[in-house]
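Everything below concerns the one structure shown next.
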Amino acid sequence: VTRLEAGWIWHEGRLRRGLALELDEVGRLEGVVEVSGPPPAGRGDLALFPGFVNAHSHAFQWGLRGRVQRPAPLDGGGEAGAEPGAGAPTDFFSWRDHMFALADTLTPDSLFELSRRAFTTMRAAGYTAVGEFHYVHHAPDGHPCDPPTELAEVVVAAARTVGLRICLLHAAYLRPSGVASRVASGQRRFLDPDVETFLARHRALEGVVERMGDPSVTVGAAPHSVRTVPADALAELARRTSGPLHLHLNEQRRELAEVEAEHGLRPLDVVERAGALLPRTTLVHMTHASEAEVARTASAGAGICFCPTTERDLGDGIGPGLAACQLGVALSIGSDSQVQVDPLEELRLLEGNERLRREARLVLPPHAGSSLAATLLDVGSAGGAAALQLPTGRFARGLWADVVAIDLADPDLAGLDPELVPDALVFGASPRALRASWVGGRREPGAPVGRFEA
Ligand SMILES: [Zn+2]
């Protein structure tokens, strides 16, 4: 048994003194125990919090950083057939053309490098686990890689290089959309001809991960969206996979219009009729969902993952954060397009967006007996762990010791009453305040240089 000690530990919704985390030999928490005497030298100003969980990421989109903030690409990247920026409105769909063009150029090496950079930044920002929604499966001409799981394995290897826990959300993408048959160049790398082809690769990937024997790596299934997965295939995927089930839903108004044109239904109706609205389901975005749809999500026990920095960057709109909190939906956050990698910013936007919309303050209802900041911190850690079915996200016996150390002497936090630190952390601090992090009790390569070792 080893101990992780610091001046302060986040426990049961408060920062407390005189505690330590006890870890077993494989990096699981034995418990939170009382200790006497002062904290070890140099650790008095450090506060240990559960690591943040990034429940929705597309690591390769790191390669879009900076490139999508001008109306036309620097390198005329439209030759791949995607025509980015060519007089089209700059909206989600012109951004998506950039993304298709990037996907077209990826090699296993460049995918590894972009993923490694994204995961390094996540680790440095306080994320200790990621749900990687992976849909680039094939060679540029659409033929399977050899083995077919090669690119998924590349992404997993990149996460393990920086010591990040990863749930590989293996995505099914079965058609360009329900209303358009034109396949953009980059999309060939995503598309499987049918659900059986996807499921065969899914079984293979589960086997690869099982043989790895690394408890930091797990697999879930991700029907990409109702646009790209027909309803009957969605039903098959819900029936024939287990573990976390994630899908994009209601991100764009055009998506709603396309689904209504195809099915005469709203996207959530399609998911529900396919038997895919389950307690293991996480709906990513839900930006344009009605309150009644949020209520149906809650009563099904499904969760919602908001990605507010990406939704802001793409001009998607503001999701139903207030309704989701009021109705008790299980929430999580994701860095999605990697435009910004900062769990604190995602969490503060959940509340901040509602303030702007409602011209009011302190809008989201805290959990019973808890503060708003504590509630948001819980969404950022335990919420993501639940969405990915990972035994982490809290300091409790049997869970993995995934931990971040926050420096209370950081300029954003210095001099504050510790009672106010969680509030100042969520509403005013940045990843600069992070001094160290552990995944499964281990500080790993890629972690920021801290002032102490465990
Ligand atoms: Zn996404």
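We name chains A, B, ... following the order of the structure tokens; residues begin at 1 in each chain, and ligands are numbered from 1 as shown.
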Which residues are near ligand 1 - at most 8 Å, using only C-alpha atoms and all ligand atoms? Format: as a PyMOL selection string. chain A and resi 56-58+133+248+284+336-337
Writing out the chosen residues with N, CA and C atoms as a PDB file, in the first residue's frame:
```pdb
ATOM      1  N   HIS A  56     -15.836  12.789 -24.867  1.00  0.00           N
ATOM      2  CA  HIS A  56     -16.049  12.823 -26.324  1.00  0.00           C
ATOM      3  C   HIS A  56     -14.895  13.540 -27.009  1.00  0.00           C
ATOM      4  N   SER A  57     -14.093  12.758 -27.735  1.00  0.00           N
ATOM      5  CA  SER A  57     -12.909  13.307 -28.414  1.00  0.00           C
ATOM      6  C   SER A  57     -12.768  12.683 -29.791  1.00  0.00           C
ATOM      7  N   HIS A  58     -12.328  13.501 -30.760  1.00  0.00           N
ATOM      8  CA  HIS A  58     -11.817  12.975 -32.033  1.00  0.00           C
ATOM      9  C   HIS A  58     -10.375  13.468 -32.107  1.00  0.00           C
ATOM     10  N   PHE A 133     -13.871   8.785 -29.787  1.00  0.00           N
ATOM     11  CA  PHE A 133     -14.915   8.432 -30.768  1.00  0.00           C
ATOM     12  C   PHE A 133     -14.208   8.332 -32.115  1.00  0.00           C
ATOM     13  N   HIS A 248     -23.666  10.849 -31.833  1.00  0.00           N
ATOM     14  CA  HIS A 248     -23.949  12.267 -32.019  1.00  0.00           C
ATOM     15  C   HIS A 248     -25.456  12.424 -32.249  1.00  0.00           C
ATOM     16  N   VAL A 284     -24.471  12.680 -27.671  1.00  0.00           N
ATOM     17  CA  VAL A 284     -23.465  13.736 -27.708  1.00  0.00           C
ATOM     18  C   VAL A 284     -24.053  14.967 -28.392  1.00  0.00           C
ATOM     19  N   ASP A 336     -14.178  17.103 -27.948  1.00  0.00           N
ATOM     20  CA  ASP A 336     -14.680  16.937 -29.306  1.00  0.00           C
ATOM     21  C   ASP A 336     -13.666  17.321 -30.383  1.00  0.00           C
ATOM     22  N   SER A 337     -13.744  18.534 -30.953  1.00  0.00           N
ATOM     23  CA  SER A 337     -12.911  18.916 -32.105  1.00  0.00           C
ATOM     24  C   SER A 337     -11.526  19.399 -31.698  1.00  0.00           C
TER      25      SER A 337
END
```
Find the residues around Pro308 (chain A) up to 8 Å (only C-alpha atoms counted), leave out those fewer than 3 positions away in its own chain, and share them as a PDB file with C-alpha atoms, in the first residue's frame.
```pdb
ATOM      1  CA  GLU A 311     -20.325  23.847 -29.994  1.00  0.00           C
ATOM      2  CA  ARG A 312     -19.254  27.490 -29.569  1.00  0.00           C
ATOM      3  CA  ILE A 318     -26.483  26.344 -26.926  1.00  0.00           C
ATOM      4  CA  ILE A 333     -18.217  16.872 -21.073  1.00  0.00           C
ATOM      5  CA  GLY A 334     -16.010  16.405 -24.124  1.00  0.00           C
ATOM      6  CA  GLU A 346     -16.191  23.180 -20.715  1.00  0.00           C
ATOM      7  CA  LEU A 349     -19.654  27.167 -20.180  1.00  0.00           C
ATOM      8  CA  LEU A 350     -22.413  24.784 -19.080  1.00  0.00           C
TER       9      LEU A 350
END
```
If I take CA of Leu434 (chain A) and CA of Val404 (chain A), how far is one from the other in Å, to one decimal? 6.9 Å
In region 374-433 of chain A, what's strand (DSSP E or B) per DSSP? Answer as a PyMOL selection string? chain A and resi 400+403-407
For each of A:Glu260, A:Gly321, A:Thr310, A:Leu111, take the minimum atom-to-atom distance to Ala289 (chain A), counting only C-alpha atoms, then give the residue where this is smallest. A:Gly321
Residues within 8 Å of Val195 (chain A), only C-alpha atoms, excluding chain neighbours under 3 positions, as a PDB file with N, CA and C atoms, in the first residue's frame:
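Contents of around-v2.pdb, freshly written:
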```pdb
ATOM      1  N   ALA A 172     -19.441   3.367 -35.971  1.00  0.00           N
ATOM      2  CA  ALA A 172     -20.055   2.830 -37.197  1.00  0.00           C
ATOM      3  C   ALA A 172     -20.545   3.991 -38.058  1.00  0.00           C
ATOM      4  N   LEU A 174     -22.116   4.257 -41.857  1.00  0.00           N
ATOM      5  CA  LEU A 174     -22.552   3.307 -42.879  1.00  0.00           C
ATOM      6  C   LEU A 174     -23.058   3.954 -44.161  1.00  0.00           C
ATOM      7  N   ASP A 192     -18.316   1.851 -43.756  1.00  0.00           N
ATOM      8  CA  ASP A 192     -18.399   0.401 -43.900  1.00  0.00           C
ATOM      9  C   ASP A 192     -19.599   0.093 -44.791  1.00  0.00           C
ATOM     10  N   PHE A 198     -18.949  -3.876 -39.985  1.00  0.00           N
ATOM     11  CA  PHE A 198     -18.572  -3.131 -38.779  1.00  0.00           C
ATOM     12  C   PHE A 198     -18.465  -4.058 -37.573  1.00  0.00           C
ATOM     13  N   LEU A 199     -19.476  -4.914 -37.403  1.00  0.00           N
ATOM     14  CA  LEU A 199     -19.495  -5.774 -36.216  1.00  0.00           C
ATOM     15  C   LEU A 199     -18.329  -6.764 -36.222  1.00  0.00           C
ATOM     16  N   ALA A 233     -29.913  -0.619 -38.918  1.00  0.00           N
ATOM     17  CA  ALA A 233     -28.544  -0.898 -38.460  1.00  0.00           C
ATOM     18  C   ALA A 233     -28.348  -0.392 -37.030  1.00  0.00           C
ATOM     19  N   GLU A 236     -29.624  -3.013 -34.800  1.00  0.00           N
ATOM     20  CA  GLU A 236     -28.669  -4.127 -34.701  1.00  0.00           C
ATOM     21  C   GLU A 236     -27.525  -3.794 -33.748  1.00  0.00           C
ATOM     22  N   LEU A 237     -27.011  -2.566 -33.870  1.00  0.00           N
ATOM     23  CA  LEU A 237     -25.866  -2.163 -33.042  1.00  0.00           C
ATOM     24  C   LEU A 237     -26.250  -2.115 -31.568  1.00  0.00           C
TER      25      LEU A 237
END
```
Can you pull out every residue from region 77-241 of chain A that DSSP, working from the backbone, puts in helix (DSSP H, G or I), and format the result as a ChimeraX atom specification? /A:77-80,92-105,108-125,150-161,186-189,195-212,231-240
Neighbour list for His224 (chain A) as a list in words, cut-off 6 Å, only C-alpha atoms, skip fewer than 6 positions in-chain: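 Counting only the stated atoms, we get Ala171, Ala172, Tyr173 and Leu247 of chain A.
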Would you mind listing what lies within 8 Å of Val363 (chain A) as a list in words, with only C-alpha atoms counted and same-chain residues fewer than 3 positions away left out? Leu322, Glu351, Glu354, Arg355 and Ala360 of chain A
Counting only C-alpha atoms, which residue out of A:Ala405, A:Val35, A:Leu327, A:Ala152 sits closest to His367 (chain A)?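 The shortest atom-to-atom distance to His367 (chain A) comes from A:Leu327.
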Just want the 7 Å neighbourhood of Phe190 (chain A), counted on only C-alpha atoms, with same-chain residues fewer than 4 positions away dropped. Output as a PDB file with all heavy atoms, in the first residue's frame.
```
ATOM      1  N   TYR A 135     -13.549   7.116 -35.905  1.00  0.00           N
ATOM      2  CA  TYR A 135     -14.253   6.683 -37.116  1.00  0.00           C
ATOM      3  C   TYR A 135     -13.394   6.655 -38.369  1.00  0.00           C
ATOM      4  O   TYR A 135     -13.901   6.389 -39.454  1.00  0.00           O
ATOM      5  CB  TYR A 135     -15.513   7.530 -37.338  1.00  0.00           C
ATOM      6  CG  TYR A 135     -15.315   9.030 -37.412  1.00  0.00           C
ATOM      7  CD1 TYR A 135     -14.906   9.632 -38.594  1.00  0.00           C
ATOM      8  CD2 TYR A 135     -15.562   9.838 -36.310  1.00  0.00           C
ATOM      9  CE1 TYR A 135     -14.742  11.014 -38.665  1.00  0.00           C
ATOM     10  CE2 TYR A 135     -15.404  11.208 -36.368  1.00  0.00           C
ATOM     11  CZ  TYR A 135     -14.987  11.791 -37.553  1.00  0.00           C
ATOM     12  OH  TYR A 135     -14.823  13.151 -37.615  1.00  0.00           O
ATOM     13  N   VAL A 136     -12.085   6.914 -38.265  1.00  0.00           N
ATOM     14  CA  VAL A 136     -11.212   6.799 -39.447  1.00  0.00           C
ATOM     15  C   VAL A 136     -10.656   5.376 -39.455  1.00  0.00           C
ATOM     16  O   VAL A 136      -9.723   5.052 -38.724  1.00  0.00           O
ATOM     17  CB  VAL A 136     -10.057   7.824 -39.395  1.00  0.00           C
ATOM     18  CG1 VAL A 136      -9.261   7.768 -40.691  1.00  0.00           C
ATOM     19  CG2 VAL A 136     -10.595   9.220 -39.156  1.00  0.00           C
ATOM     20  N   HIS A 137     -11.277   4.522 -40.274  1.00  0.00           N
ATOM     21  CA  HIS A 137     -10.958   3.096 -40.194  1.00  0.00           C
ATOM     22  C   HIS A 137     -10.109   2.586 -41.359  1.00  0.00           C
ATOM     23  O   HIS A 137      -9.369   1.626 -41.204  1.00  0.00           O
ATOM     24  CB  HIS A 137     -12.253   2.268 -40.182  1.00  0.00           C
ATOM     25  CG  HIS A 137     -13.171   2.591 -39.043  1.00  0.00           C
ATOM     26  ND1 HIS A 137     -12.758   2.585 -37.728  1.00  0.00           N
ATOM     27  CD2 HIS A 137     -14.493   2.934 -39.020  1.00  0.00           C
ATOM     28  CE1 HIS A 137     -13.784   2.900 -36.947  1.00  0.00           C
ATOM     29  NE2 HIS A 137     -14.841   3.125 -37.705  1.00  0.00           N
ATOM     30  N   HIS A 138     -10.267   3.197 -42.555  1.00  0.00           N
ATOM     31  CA  HIS A 138      -9.768   2.554 -43.777  1.00  0.00           C
ATOM     32  C   HIS A 138      -8.647   3.349 -44.428  1.00  0.00           C
ATOM     33  O   HIS A 138      -8.385   4.502 -44.070  1.00  0.00           O
ATOM     34  CB  HIS A 138     -10.911   2.398 -44.783  1.00  0.00           C
ATOM     35  CG  HIS A 138     -12.128   1.749 -44.215  1.00  0.00           C
ATOM     36  ND1 HIS A 138     -12.089   0.538 -43.560  1.00  0.00           N
ATOM     37  CD2 HIS A 138     -13.431   2.149 -44.170  1.00  0.00           C
ATOM     38  CE1 HIS A 138     -13.304   0.225 -43.153  1.00  0.00           C
ATOM     39  NE2 HIS A 138     -14.140   1.189 -43.495  1.00  0.00           N
ATOM     40  N   TYR A 173     -20.146   3.990 -39.312  1.00  0.00           N
ATOM     41  CA  TYR A 173     -20.479   5.078 -40.257  1.00  0.00           C
ATOM     42  C   TYR A 173     -20.840   4.347 -41.544  1.00  0.00           C
ATOM     43  O   TYR A 173     -19.967   3.829 -42.235  1.00  0.00           O
ATOM     44  CB  TYR A 173     -19.229   5.946 -40.417  1.00  0.00           C
ATOM     45  CG  TYR A 173     -19.390   7.339 -40.964  1.00  0.00           C
ATOM     46  CD1 TYR A 173     -19.194   8.448 -40.140  1.00  0.00           C
ATOM     47  CD2 TYR A 173     -19.681   7.565 -42.306  1.00  0.00           C
ATOM     48  CE1 TYR A 173     -19.285   9.738 -40.629  1.00  0.00           C
ATOM     49  CE2 TYR A 173     -19.787   8.867 -42.804  1.00  0.00           C
ATOM     50  CZ  TYR A 173     -19.577   9.944 -41.968  1.00  0.00           C
ATOM     51  OH  TYR A 173     -19.656  11.228 -42.471  1.00  0.00           O
TER      52      TYR A 173
END
```
At a cut-off of 7 Å, using only C-alpha atoms, what residues contact region 386-390 of chain A? Leave out same-chain residues fewer than 6 positions from it and give the result as a PyMOL selection string. chain A and resi 55+131+167+244+282+303+332
CA of Ala6 (chain A) to CA of Ala159 (chain A) measures 27.2 Å
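Nearest residue to Asp423 (chain A) among A:Arg442, A:Ser370, A:Glu22, A:Val403 is A:Ser370, counting only C-alpha atoms.
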